[in-house]
Amino acid sequence: MELTGGEVELEALEKRFDDVVAVDSIDLDIASGEFFSLLGPSGCGKTTTLRLIAGFERPTSGDVRLDGASLAAVPPDRRPVNTVFQNYALFPHLNVLDNVAFGMRYQKVPRKERVRRAKEALELVELGDYAKRRPHQLSGGQQQRVALARALVLRPAVLLLDEPLGALDAKIRRALRVELKALQEEVGTTFIFVTHDQEEALSMSDRIAVMHEGRVDQVGTPREIYEGPATLFVADFLGVANVMEVEVIGRDGRGCRLRVGTRELWSECGDLGRTGAASAVVRPERLHVTPGAEDGENCLPGMIDRTIFVGSNLQVMIRLANGGLLQASVANDGVDLDAHEQGTPVSVHVPPDALRVLAPSGVTAGT
Amino acid sequence: MSRLIDPWGRPRWLKLTTWFYIAWSLLPVLAAIVFSFNDGRSRSVWQGFSTRWWWGDPNLSVFHDPIYTNALVHSLELAALDMLIATPLGFLLAIGLSRWRGRGSGSANFLMLVPLTTPELAMAVSLLLVFTQLTIIPFTWIALGTTAQVIGQVTFSVSYVVVIVRSRLASLGPEYEEAARDLGASARQSLQHVLLPLLLPAAFASTLIVFALSIDDFVVTQYMSAGGETVTIPMLLYANARGAATTPALNAVATIMVLVTLIGVGGAYLVLRWFGHRSGDKDAAGQMGMDLTGME
C-alpha cells in the first residue's frame, strides 16, 4: 500500500450548534503519513473536528483542505478519507468479509478483486480465519480490527479514528495500542486519532493537539507537550502536575526568579515576559525528596502528609511550610518506606529545568 | 415460628391472582371455540362433538354459507390492501420524520401519535362526515364501501407502522448510515444497502401488525361500509351475536378471527426474534413487545 499525500490543513475551522460553539476557529497542519492525535476531555470539540474532516458535519466557517484542495463542497462518500467509529458500526447484516468489501463496490472494483483485497486486509489485521463470521460473534478487539480493515482496504489518504480503543478493556487496549502504531507505520497512511486518554495519545502519536473548549491549546510532540505544557490546562490534563501560585520577581539570562511564600526559586523554562503573578508547574517525578531540613538552592522545606504505595513507585504528598501541598513520585528501587512516614520533615528540591512558569489560572496564554 | 411470614417464601397471592386473571380472560374465548364444535344448534348446551359448523353442513357451515365466506373474503381483501398501503407509507413517514430536524419537526412527531390516542369512534364519525358531507374534490371521489374502508383502516394503522419503524431507527442510530456514507455509498445507496436491510425485521413486524389491526377492526370498517358486499367478519359477529337464529358457525368464525390475529402478532414476534438472533441484537423482539404494549 504505497501512499503519497494525506496532508490535512484546517483553516480557521469553526462549528456552531445553535448557540454552542463546538469548534472555535481551529488552525492545524497535519503532515502526510503522520500519526496525529486530538486529545482532550469530553466536550472539547475533538470528535466534532473529526466529523468535520470526515464530512458528516458542515463547518459554520473555515475550511478543511486535503493535499491543498478544499473539501468544503465534497460529501463524505467522495472524500478519500475513512473513519473507524467509536463503536465500530460494523454492519450486522453482513459477515466480516462483506463488511470489509463493502466500500470497494462503490469504487467499482470488480467482484473477484474485492474479495481478494478484503481477504488481504483481514490478513493484515490477523483475522483471516474470521471472514465468514458475523460481527456480533467477534470480541470487541476483533470487531475493532475488522473496522480498521474495512477502512484501510479503501486505501484512504487519511484514516480518522474516533476513540477506537475506548470500548475495550484496559489490557486489550494496551496491546492494541502497540498494534495500531505498528500498523500505521506499515501502511504509511495519515492517522488522525481522537482520544481523551492521555497515555494513549502520548504512547502512539507523532504529534498531539491538546483541545480545550473548542480550541487547540497546544500542538507538539508527546515529549514537548508533556514536558513543556503551554497552558495550565495542558499541564493538568496530561499526567499529574503540581501547580504553585508564585510571583515573578526578576528575569535574567538564566531564567526567572520566583517567590513562593517566603522562599525564592529559580525557573529555567517558561517566561511570561513580565514580572508579577504567575503559576509554576512541576511534575511529581521531577521532585527530589530528602529527609531532614536541608537548605540548598531551589529547596522547599515541608513535612510528609501522606505516602501512598502504588507498586512501582511511592506517591508522597508533602505539606510545605507555606501551607501548599506537593505531590512527589519516588521510584521504588528498594526505597525505605519508614523514611517516608507521615510527619517526617523533608526538603523538596525543585530542579530549575523542571519548573515551568505559566500564565496564572483564569488568564489565557499570550494575553 | 410457624406463624411468622417467611420472607423467602414465594409470592403465593401474586401467583394466584395472576392465574385467576388469565383464566378469567381466556375461558370465555375457549368456551366460544369449544362450542364451534357443538353437534347441535345451541351455543350454550353441549350436544357432542362435530365439525358440521366448520365444513360439514353443506349450507350453514362457515365454509359454505355465502354470508360467512363473503365476509371472510372481504376481511382478507381489506387486510391485504391495508398492508400493501400502510406499511410502505408508514416506512416513508418514519424515515422522513427521523431526519426532519428543526422547525415543525417536534409538532409533527407529536401529531403523528395522535391517531393512536384518538377514540376510534371519533375518528370513524369524522371520516364518515368528511366522505359523505364534504363536496370538495378529493372527497367527492371517495364513495363509502371498500375504498372508504381501506382509506379509514390505513389512516389509523399507519401510525402503528411509524411507531414500530421509528423505534427500530432509534435503536439503530445514525451510525450505520454514516459508516456507509463514509465508505463511499451515496445517500440513496446507504438507504438501499444498509438501512433497508436493517429495517427488514421492522417491515415484517409492521406488516403483520397491520394485518392483525385490519382483521380485528370493527368501528371504522363498520362506518365506512356500504351494504352486504362490504361486511367483514367483525361486523358479522357484532350483528349476529345475540340473534336467536345464530348457529355455532358464528363461533367458528370467531375462532378463525382469534387464530388469524394470533398468527399475525405471534408471527411478528417470532420474525423479530429470529432476525434479532441472527444479528446479535437480542433486544429486537423485546423492543416489539414494548412497542405493542405502548400502543394498546
# chains A, B, ... in the order shown; residues from 1 in each chain; ligands from 1
call {"tool": "residues_around", "arguments": {"residues": "Arg263 in chain A", "least_positions_apart": "6", "cutoff": "10 Å", "atoms": "only C-alpha atoms", "output": "list in words"}}
result
Asn298, Cys299, Leu300, Pro301, Ala321 and Asn322 of chain A
call {"tool": "write_last_selection", "arguments": {"atoms": "N, CA and C atoms", "output": "CSV table (one decimal), in the first residue's frame"}}
result
chain,number,residue,atom,x,y,z
A,298,ASN,N,16.9,26.2,45.5
A,298,ASN,CA,15.6,25.6,45.0
A,298,ASN,C,15.1,24.5,45.9
A,299,CYS,N,15.3,24.6,47.2
A,299,CYS,CA,14.8,23.7,48.1
A,299,CYS,C,13.6,24.3,48.9
A,300,LEU,N,12.6,23.5,49.1
A,300,LEU,CA,11.4,23.9,49.9
A,300,LEU,C,11.3,23.0,51.1
A,301,PRO,N,11.2,23.5,52.3
A,301,PRO,CA,11.0,22.7,53.5
A,301,PRO,C,9.5,22.2,53.6
A,321,ALA,N,5.9,24.3,54.1
A,321,ALA,CA,5.8,25.3,55.3
A,321,ALA,C,4.8,26.4,55.0
A,322,ASN,N,4.6,26.8,53.7
A,322,ASN,CA,3.7,27.8,53.4
A,322,ASN,C,2.3,27.3,53.3
call {"tool": "interface_residues", "arguments": {"of": "chain B", "to": "chain A", "cutoff": "12 Å", "atoms": "only C-alpha atoms", "output": "PyMOL selection string"}}
result
chain B and resi 102+172-190+193-201+275-282
call {"tool": "write_last_selection", "arguments": {"atoms": "N, CA and C atoms", "output": "CSV table (one decimal), in the first residue's frame"}}
result
chain,number,residue,atom,x,y,z
B,102,GLY,N,-35.3,20.6,13.2
B,102,GLY,CA,-35.6,22.0,13.2
B,102,GLY,C,-37.1,22.3,13.2
B,172,LEU,N,-31.2,1.7,16.0
B,172,LEU,CA,-30.0,1.6,15.1
B,172,LEU,C,-29.1,2.8,15.2
B,173,GLY,N,-29.7,4.0,15.4
B,173,GLY,CA,-28.9,5.2,15.5
B,173,GLY,C,-28.4,5.6,14.1
B,174,PRO,N,-27.7,6.8,14.0
B,174,PRO,CA,-27.3,7.2,12.7
B,174,PRO,C,-26.0,6.6,12.2
B,175,GLU,N,-25.4,5.8,13.1
B,175,GLU,CA,-24.0,5.3,12.9
B,175,GLU,C,-23.8,4.5,11.6
B,176,TYR,N,-24.8,3.5,11.4
B,176,TYR,CA,-24.6,2.6,10.2
B,176,TYR,C,-24.7,3.4,8.9
B,177,GLU,N,-25.6,4.4,8.9
B,177,GLU,CA,-25.7,5.2,7.6
B,177,GLU,C,-24.5,6.0,7.4
B,178,GLU,N,-24.0,6.6,8.5
B,178,GLU,CA,-22.8,7.4,8.4
B,178,GLU,C,-21.6,6.5,8.0
B,179,ALA,N,-21.5,5.3,8.5
B,179,ALA,CA,-20.4,4.4,8.1
B,179,ALA,C,-20.6,4.1,6.6
B,180,ALA,N,-21.8,3.9,6.1
B,180,ALA,CA,-22.0,3.6,4.7
B,180,ALA,C,-21.5,4.8,3.9
B,181,ARG,N,-21.9,6.0,4.3
B,181,ARG,CA,-21.5,7.2,3.5
B,181,ARG,C,-20.0,7.3,3.5
B,182,ASP,N,-19.4,7.0,4.7
B,182,ASP,CA,-18.0,7.2,4.9
B,182,ASP,C,-17.3,6.2,3.9
B,183,LEU,N,-17.9,5.0,3.7
B,183,LEU,CA,-17.2,4.0,2.9
B,183,LEU,C,-17.5,4.2,1.4
B,184,GLY,N,-18.2,5.3,1.1
B,184,GLY,CA,-18.4,5.6,-0.3
B,184,GLY,C,-19.8,5.5,-0.9
B,185,ALA,N,-20.8,5.1,-0.1
B,185,ALA,CA,-22.1,4.9,-0.6
B,185,ALA,C,-22.8,6.3,-0.6
B,186,SER,N,-23.5,6.5,-1.7
B,186,SER,CA,-24.3,7.8,-1.8
B,186,SER,C,-25.5,7.7,-0.8
B,187,ALA,N,-26.2,8.8,-0.6
B,187,ALA,CA,-27.3,8.8,0.3
B,187,ALA,C,-28.3,7.7,0.0
B,188,ARG,N,-28.6,7.6,-1.3
B,188,ARG,CA,-29.6,6.6,-1.8
B,188,ARG,C,-29.0,5.2,-1.6
B,189,GLN,N,-27.7,5.0,-1.9
B,189,GLN,CA,-27.1,3.7,-1.7
B,189,GLN,C,-27.1,3.2,-0.3
B,190,SER,N,-26.8,4.2,0.6
B,190,SER,CA,-26.7,3.8,2.0
B,190,SER,C,-28.1,3.4,2.5
B,193,HIS,N,-28.6,-0.2,0.7
B,193,HIS,CA,-27.7,-1.3,1.0
B,193,HIS,C,-27.6,-1.5,2.5
B,194,VAL,N,-27.9,-0.5,3.3
B,194,VAL,CA,-27.7,-0.6,4.8
B,194,VAL,C,-29.0,-0.4,5.6
B,195,LEU,N,-29.6,0.7,5.4
B,195,LEU,CA,-30.7,1.0,6.2
B,195,LEU,C,-31.9,0.0,6.0
B,196,LEU,N,-32.3,-0.1,4.7
B,196,LEU,CA,-33.4,-1.0,4.5
B,196,LEU,C,-33.2,-2.4,4.9
B,197,PRO,N,-32.1,-3.1,4.6
B,197,PRO,CA,-31.9,-4.4,5.2
B,197,PRO,C,-32.0,-4.5,6.7
B,198,LEU,N,-31.5,-3.4,7.3
B,198,LEU,CA,-31.5,-3.4,8.8
B,198,LEU,C,-32.9,-3.2,9.3
B,199,LEU,N,-33.8,-2.6,8.5
B,199,LEU,CA,-35.2,-2.3,8.9
B,199,LEU,C,-36.1,-3.5,8.5
B,200,LEU,N,-35.5,-4.5,7.8
B,200,LEU,CA,-36.4,-5.6,7.4
B,200,LEU,C,-37.2,-6.2,8.5
B,201,PRO,N,-36.6,-6.5,9.7
B,201,PRO,CA,-37.5,-7.0,10.7
B,201,PRO,C,-38.6,-6.1,11.1
B,275,PHE,N,-34.6,-12.5,13.5
B,275,PHE,CA,-33.7,-11.5,13.0
B,275,PHE,C,-32.8,-11.0,14.1
B,276,GLY,N,-33.3,-10.8,15.2
B,276,GLY,CA,-32.5,-10.3,16.3
B,276,GLY,C,-31.4,-11.3,16.7
B,277,HIS,N,-31.8,-12.6,16.7
B,277,HIS,CA,-30.8,-13.6,17.0
B,277,HIS,C,-29.7,-13.7,16.0
B,278,ARG,N,-30.1,-13.5,14.7
B,278,ARG,CA,-29.1,-13.6,13.6
B,278,ARG,C,-28.1,-12.4,13.6
B,279,SER,N,-28.6,-11.2,14.1
B,279,SER,CA,-27.7,-10.1,14.0
B,279,SER,C,-27.1,-9.8,15.4
B,280,GLY,N,-27.4,-10.7,16.4
B,280,GLY,CA,-26.9,-10.5,17.7
B,280,GLY,C,-27.6,-9.4,18.5
B,281,ASP,N,-28.7,-8.9,17.9
B,281,ASP,CA,-29.5,-7.8,18.6
B,281,ASP,C,-30.6,-8.5,19.4
B,282,LYS,N,-30.3,-8.9,20.6
B,282,LYS,CA,-31.2,-9.7,21.4
B,282,LYS,C,-32.4,-8.9,21.8
call {"tool": "residues_around", "arguments": {"residues": "Glu245 in chain A", "least_positions_apart": "2", "cutoff": "7 Å", "atoms": "only C-alpha atoms", "output": "PDB file with N, CA and C atoms, in the first residue's frame"}}
result
ATOM      1  N   VAL A 243       0.814  22.509  40.776  1.00  0.00           N
ATOM      2  CA  VAL A 243       0.685  23.910  40.383  1.00  0.00           C
ATOM      3  C   VAL A 243       0.877  24.776  41.619  1.00  0.00           C
ATOM      4  N   ALA A 278       1.991  34.632  38.691  1.00  0.00           N
ATOM      5  CA  ALA A 278       2.100  33.579  37.682  1.00  0.00           C
ATOM      6  C   ALA A 278       1.835  32.239  38.357  1.00  0.00           C
ATOM      7  N   SER A 279       1.741  31.193  37.542  1.00  0.00           N
ATOM      8  CA  SER A 279       1.666  29.839  38.083  1.00  0.00           C
ATOM      9  C   SER A 279       2.945  29.117  37.700  1.00  0.00           C
ATOM     10  N   ALA A 280       3.377  28.236  38.571  1.00  0.00           N
ATOM     11  CA  ALA A 280       4.550  27.438  38.240  1.00  0.00           C
ATOM     12  C   ALA A 280       4.168  25.974  38.362  1.00  0.00           C
TER      13      ALA A 280
END
call {"tool": "atom_distance", "arguments": {"atom1": "CA of Gln184 in chain A", "atom2": "CA of Ala235 in chain A"}}
result
27.9 Å
call {"tool": "select_by_dssp", "arguments": {"residues": "range 21-261 of chain B", "states": "helix (DSSP H, G or I)", "output": "compact mmCIF listing (two decimals) with C-alpha atoms, in the first residue's frame"}}
result
# COMPACT_ATOMS: atom_id res chain seq x y z
CA TYR B 21 -56.92 -13.22 35.76
CA ILE B 22 -55.58 -15.43 32.98
CA ALA B 23 -58.44 -17.88 33.48
CA TRP B 24 -60.99 -15.07 33.63
CA SER B 25 -59.81 -13.57 30.35
CA LEU B 26 -59.24 -16.77 28.41
CA LEU B 27 -62.06 -19.10 29.49
CA PRO B 28 -64.84 -17.25 27.62
CA VAL B 29 -62.77 -17.35 24.45
CA LEU B 30 -62.07 -21.04 24.97
CA ALA B 31 -65.78 -21.68 25.58
CA ALA B 32 -66.67 -19.92 22.34
CA ILE B 33 -64.11 -22.02 20.49
CA VAL B 34 -65.35 -25.24 22.07
CA PHE B 35 -68.96 -24.53 21.07
CA ARG B 52 -70.59 -29.60 10.95
CA TRP B 53 -70.44 -25.82 11.60
CA TRP B 54 -66.94 -25.64 10.22
CA TRP B 55 -67.34 -27.52 6.97
CA GLY B 56 -69.71 -30.47 7.48
CA PRO B 66 -72.10 -17.31 1.48
CA ILE B 67 -72.73 -14.82 4.31
CA TYR B 68 -69.68 -16.18 6.11
CA THR B 69 -67.48 -16.84 3.09
CA ASN B 70 -68.14 -13.36 1.66
CA ALA B 71 -67.28 -11.73 4.97
CA LEU B 72 -64.14 -13.84 5.27
CA VAL B 73 -63.01 -12.93 1.76
CA HIS B 74 -63.78 -9.25 2.25
CA SER B 75 -61.93 -9.15 5.57
CA LEU B 76 -58.86 -10.67 3.94
CA GLU B 77 -59.15 -8.28 0.99
CA LEU B 78 -59.19 -5.26 3.26
CA ALA B 79 -56.30 -6.62 5.30
CA ALA B 80 -54.22 -7.18 2.18
CA LEU B 81 -54.88 -3.68 0.85
CA ASP B 82 -54.19 -2.12 4.25
CA MET B 83 -50.88 -3.99 4.49
CA LEU B 84 -49.85 -3.00 0.98
CA ILE B 85 -50.57 0.68 1.53
CA ALA B 86 -49.98 1.37 5.24
CA THR B 87 -46.62 -0.43 5.55
CA PRO B 88 -44.70 1.42 2.82
CA LEU B 89 -46.42 4.68 3.70
CA GLY B 90 -45.54 4.29 7.37
CA PHE B 91 -41.95 3.45 6.42
CA LEU B 92 -41.55 6.61 4.40
CA LEU B 93 -43.12 8.71 7.13
CA ALA B 94 -40.91 7.16 9.81
CA ILE B 95 -37.69 7.67 7.85
CA GLY B 96 -38.75 11.18 6.92
CA LEU B 97 -39.66 12.10 10.48
CA SER B 98 -36.41 10.74 11.87
CA ARG B 99 -34.44 13.02 9.52
CA SER B 105 -40.41 18.54 13.46
CA GLY B 106 -41.38 18.40 17.12
CA SER B 107 -45.04 19.11 16.43
CA ALA B 108 -45.08 16.68 13.52
CA ASN B 109 -43.62 13.96 15.71
CA PHE B 110 -46.27 14.56 18.31
CA LEU B 111 -49.15 14.86 15.87
CA MET B 112 -48.16 11.55 14.24
CA LEU B 113 -49.08 9.83 17.50
CA VAL B 114 -52.47 11.50 17.83
CA PRO B 115 -54.29 8.83 15.77
CA LEU B 116 -53.06 6.26 18.30
CA THR B 117 -54.87 8.03 21.11
CA GLU B 120 -61.68 5.15 17.27
CA LEU B 121 -65.32 6.09 17.27
CA ALA B 122 -64.44 9.78 16.99
CA MET B 123 -62.15 9.04 14.07
CA ALA B 124 -64.78 6.89 12.36
CA VAL B 125 -67.51 9.51 12.71
CA SER B 126 -65.24 12.29 11.43
CA LEU B 127 -64.17 10.22 8.46
CA LEU B 128 -67.80 9.46 7.69
CA LEU B 129 -68.65 13.16 7.76
CA VAL B 130 -65.68 14.02 5.56
CA PHE B 131 -66.51 11.36 2.98
CA THR B 132 -70.27 11.98 2.84
CA GLN B 133 -70.70 15.69 3.58
CA ILE B 137 -62.74 17.46 -4.96
CA PRO B 138 -60.79 14.58 -3.43
CA PHE B 139 -63.57 13.69 -1.03
CA THR B 140 -66.33 13.50 -3.62
CA TRP B 141 -64.36 10.75 -5.34
CA THR B 146 -64.29 -0.84 0.03
CA THR B 147 -62.42 2.37 -0.94
CA ALA B 148 -63.53 4.26 2.15
CA GLN B 149 -62.90 1.21 4.34
CA VAL B 150 -59.33 0.89 3.07
CA ILE B 151 -58.64 4.60 3.49
CA GLY B 152 -60.09 4.51 7.01
CA GLN B 153 -58.01 1.49 8.03
CA VAL B 154 -54.83 2.92 6.50
CA THR B 155 -55.44 6.20 8.33
CA PHE B 156 -55.14 4.64 11.75
CA SER B 157 -52.84 1.69 11.05
CA VAL B 158 -50.13 3.86 9.50
CA SER B 159 -49.38 5.33 12.94
CA TYR B 160 -48.56 1.89 14.28
CA VAL B 161 -46.11 1.30 11.44
CA VAL B 162 -44.49 4.65 12.14
CA VAL B 163 -44.07 3.77 15.83
CA ILE B 164 -42.50 0.36 15.09
CA VAL B 165 -40.15 1.65 12.38
CA ARG B 166 -39.14 4.72 14.34
CA SER B 167 -38.25 2.72 17.43
CA ARG B 168 -36.11 0.47 15.25
CA LEU B 169 -34.49 3.51 13.64
CA ALA B 170 -33.82 4.97 17.07
CA SER B 171 -32.18 1.77 18.28
CA LEU B 172 -30.04 1.61 15.13
CA GLU B 175 -24.01 5.32 12.85
CA TYR B 176 -24.62 2.64 10.23
CA GLU B 177 -25.72 5.16 7.65
CA GLU B 178 -22.76 7.37 8.43
CA ALA B 179 -20.44 4.38 8.12
CA ALA B 180 -21.95 3.58 4.73
CA ARG B 181 -21.54 7.16 3.54
CA ASP B 182 -18.00 7.15 4.87
CA ALA B 187 -27.31 8.79 0.34
CA ARG B 188 -29.59 6.58 -1.78
CA GLN B 189 -27.13 3.66 -1.75
CA SER B 190 -26.72 3.79 2.01
CA LEU B 191 -30.50 3.67 2.36
CA GLN B 192 -30.75 0.76 -0.05
CA HIS B 193 -27.75 -1.28 1.03
CA VAL B 194 -27.67 -0.64 4.75
CA LEU B 195 -30.73 0.99 6.25
CA LEU B 196 -33.44 -1.00 4.46
CA PRO B 197 -31.86 -4.42 5.17
CA LEU B 198 -31.52 -3.41 8.81
CA LEU B 199 -35.16 -2.32 8.86
CA LEU B 200 -36.35 -5.61 7.38
CA PRO B 201 -37.45 -7.05 10.73
CA ALA B 202 -39.44 -3.89 11.39
CA ALA B 203 -41.01 -4.27 7.93
CA PHE B 204 -42.17 -7.82 8.67
CA ALA B 205 -43.40 -6.90 12.10
CA SER B 206 -45.30 -3.86 10.82
CA THR B 207 -46.93 -5.84 8.03
CA LEU B 208 -48.17 -8.48 10.43
CA ILE B 209 -49.38 -5.91 12.94
CA VAL B 210 -51.26 -4.04 10.22
CA PHE B 211 -52.80 -7.34 9.22
CA ALA B 212 -53.93 -8.03 12.77
CA LEU B 213 -55.27 -4.49 13.16
CA SER B 214 -57.23 -4.68 9.95
CA ILE B 215 -58.73 -8.14 10.59
CA ASP B 216 -59.69 -7.02 14.09
CA VAL B 219 -65.65 0.62 14.26
CA VAL B 220 -64.00 2.34 11.29
CA THR B 221 -64.79 -0.55 8.95
CA GLN B 222 -68.44 -0.51 10.00
CA TYR B 223 -68.83 3.23 9.49
CA GLY B 228 -73.85 -6.53 2.33
CA GLU B 229 -70.91 -6.65 -0.08
CA THR B 230 -68.69 -4.83 2.39
CA ILE B 233 -66.14 -10.81 9.99
CA PRO B 234 -66.15 -8.43 12.99
CA MET B 235 -69.25 -6.72 11.55
CA LEU B 236 -70.91 -10.09 11.11
CA LEU B 237 -70.07 -11.08 14.67
CA TYR B 238 -71.48 -7.83 16.01
CA ALA B 239 -74.70 -8.10 14.05
CA ASN B 240 -75.43 -11.74 14.87
CA ALA B 249 -70.97 -21.32 12.77
CA LEU B 250 -70.60 -17.83 14.27
CA ASN B 251 -68.38 -19.34 16.97
CA ALA B 252 -66.33 -20.92 14.23
CA VAL B 253 -65.91 -17.50 12.59
CA ALA B 254 -64.87 -16.00 15.90
CA THR B 255 -62.37 -18.83 16.30
CA ILE B 256 -60.92 -18.03 12.90
CA MET B 257 -60.55 -14.39 13.96
CA VAL B 258 -58.72 -15.37 17.13
CA LEU B 259 -56.39 -17.69 15.25
CA VAL B 260 -55.63 -15.22 12.48
CA THR B 261 -54.87 -12.39 14.89
